[in-house]
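**Student:** Have a look at the structure that comes next, please.
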Amino acid sequence: MPEVQIVLVEPLYEGNVGSVARVMKNFGFSRLVLINPCPLGNEARAMASHAQDLLDTARTCSLEEVYAESALTIATTGELSKTICNPMRMPYYDPSEIRSTIAEIDGTVSILFGRENWGLNNSEVAASDLICTIPTSPEYPILNLSHAVGVVCYELAHLPRGTYLLADRFDMTCLYDHISSFLDQIDHPLYKREVTMLTIRRLLARTQMTPREVSTLHGLLRRTEWYLNGGQQIFSEEAPADRRTE
């Protein structure tokens, strides 16, 4: 079953943090993570009301730590790419679609919410696995931070228990590193590399791969590397020996 944590990236106003804690508790979520937050005082506790315990147990850490510990990271954004040729904020899903995507994950799912004034930046979005957006009116699309968290929490409440283990962050990082080294071997153009890797991350994140499926892709890449190198066995350094299986 996924362990969902709400991650607030550099929240600006303590009242919003308190309101986020309150709406999280309304829908049964308790894992709140704060990245470089504003000072939290009486206003935050007042807005949290009966969810002050979530403020007390909120964890403060770096965004890099969140990425490293998560089986899946979801960036929420109101700014979307205009075309599929730009994969930075595409493809995107609404919260109800995210529910079915993460239902069978056995691990931590981190949902990132950006700053009240300008959200998440491109590098933060690029490092995430999936994009989530709330379908709002084009006349006034900007939601209050706690309202956005509330919509997502409502859709994810009472998730069913997962049925099988999915590839964890370590598995997927090794695979992405292996694919990147494979692109080197086939002389994939450098100017396309960033977009290619971002597209691959978006594609594979949607598949909910098992460790066995990841291992199979490693095997296919290694077999192709062997063929390209004239039968000389080449092991990717990113795939540790104790995890290599055909």
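We name chains A, B, ... following the order of the structure tokens; residues begin at 1 in each chain, and ligands are numbered from 1 as shown.
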Looking only at the backbone, which of the residues in stretch 33-97 of chain A does DSSP tag as strand (DSSP E or B), as a PDB file with N, CA, C and O atoms, in the first residue's frame?
**Tutor:**
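What ended up in result13.pdb:
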ATOM      1  N   VAL A  33       5.857  16.864   5.110  1.00  0.00           N
ATOM      2  CA  VAL A  33       7.279  17.155   4.959  1.00  0.00           C
ATOM      3  C   VAL A  33       7.426  18.603   4.510  1.00  0.00           C
ATOM      4  O   VAL A  33       6.721  19.064   3.598  1.00  0.00           O
ATOM      5  N   LEU A  34       8.348  19.318   5.138  1.00  0.00           N
ATOM      6  CA  LEU A  34       8.556  20.733   4.835  1.00  0.00           C
ATOM      7  C   LEU A  34       9.965  20.944   4.302  1.00  0.00           C
ATOM      8  O   LEU A  34      10.940  20.497   4.905  1.00  0.00           O
ATOM      9  N   ILE A  35      10.053  21.631   3.167  1.00  0.00           N
ATOM     10  CA  ILE A  35      11.344  21.963   2.565  1.00  0.00           C
ATOM     11  C   ILE A  35      11.587  23.459   2.747  1.00  0.00           C
ATOM     12  O   ILE A  35      10.877  24.286   2.186  1.00  0.00           O
ATOM     13  N   ARG A  59       8.234  16.716   9.253  1.00  0.00           N
ATOM     14  CA  ARG A  59       9.676  16.520   9.060  1.00  0.00           C
ATOM     15  C   ARG A  59      10.222  17.590   8.122  1.00  0.00           C
ATOM     16  O   ARG A  59       9.639  17.876   7.084  1.00  0.00           O
ATOM     17  N   THR A  60      11.339  18.191   8.519  1.00  0.00           N
ATOM     18  CA  THR A  60      12.016  19.171   7.671  1.00  0.00           C
ATOM     19  C   THR A  60      13.273  18.535   7.095  1.00  0.00           C
ATOM     20  O   THR A  60      14.097  17.998   7.842  1.00  0.00           O
ATOM     21  N   LEU A  72       7.953   6.938  -5.790  1.00  0.00           N
ATOM     22  CA  LEU A  72       7.384   7.765  -6.853  1.00  0.00           C
ATOM     23  C   LEU A  72       7.233   9.185  -6.325  1.00  0.00           C
ATOM     24  O   LEU A  72       6.786   9.397  -5.198  1.00  0.00           O
ATOM     25  N   THR A  73       7.615  10.149  -7.156  1.00  0.00           N
ATOM     26  CA  THR A  73       7.478  11.558  -6.793  1.00  0.00           C
ATOM     27  C   THR A  73       6.571  12.233  -7.803  1.00  0.00           C
ATOM     28  O   THR A  73       6.763  12.111  -9.016  1.00  0.00           O
ATOM     29  N   ILE A  74       5.567  12.947  -7.306  1.00  0.00           N
ATOM     30  CA  ILE A  74       4.580  13.602  -8.161  1.00  0.00           C
ATOM     31  C   ILE A  74       4.656  15.105  -7.947  1.00  0.00           C
ATOM     32  O   ILE A  74       4.543  15.584  -6.812  1.00  0.00           O
ATOM     33  N   ALA A  75       4.874  15.848  -9.023  1.00  0.00           N
ATOM     34  CA  ALA A  75       4.923  17.305  -8.959  1.00  0.00           C
ATOM     35  C   ALA A  75       3.556  17.867  -9.321  1.00  0.00           C
ATOM     36  O   ALA A  75       2.991  17.520 -10.366  1.00  0.00           O
ATOM     37  N   THR A  76       2.998  18.715  -8.472  1.00  0.00           N
ATOM     38  CA  THR A  76       1.740  19.378  -8.803  1.00  0.00           C
ATOM     39  C   THR A  76       2.057  20.734  -9.423  1.00  0.00           C
ATOM     40  O   THR A  76       2.951  21.439  -8.973  1.00  0.00           O
ATOM     41  N   TYR A  92       0.372  15.145 -18.320  1.00  0.00           N
ATOM     42  CA  TYR A  92      -0.070  15.455 -16.971  1.00  0.00           C
ATOM     43  C   TYR A  92      -1.377  14.712 -16.675  1.00  0.00           C
ATOM     44  O   TYR A  92      -2.092  14.278 -17.570  1.00  0.00           O
ATOM     45  N   TYR A  93      -1.654  14.584 -15.377  1.00  0.00           N
ATOM     46  CA  TYR A  93      -2.817  13.819 -14.926  1.00  0.00           C
ATOM     47  C   TYR A  93      -3.570  14.625 -13.872  1.00  0.00           C
ATOM     48  O   TYR A  93      -2.972  15.419 -13.141  1.00  0.00           O
TER      49      TYR A  93
END
**Student:** What are the DSSP helix (DSSP H, G or I) residues of stretch 27-62 of chain A, as a ChimeraX atom specification?
**Tutor:** /A:42-57
**Student:** So that I can see what lies close to stretch 194-200 of chain A, please list as a list of chain:residue names the residues with an atom at most 7 Å from it, counting only C-alpha atoms and leaving out residues fewer than 2 positions away in the same chain.
**Tutor:**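 Everything that qualifies: A:Pro87, A:Ala126, A:Lys192, A:Arg202, A:Leu203, A:Leu204.
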**Student:** Which residue is closest to A:Gln208? Choose from A:Gly107, A:Pro39, A:Gly230, A:Pro189 and count only C-alpha atoms.
**Tutor:** A:Gly107
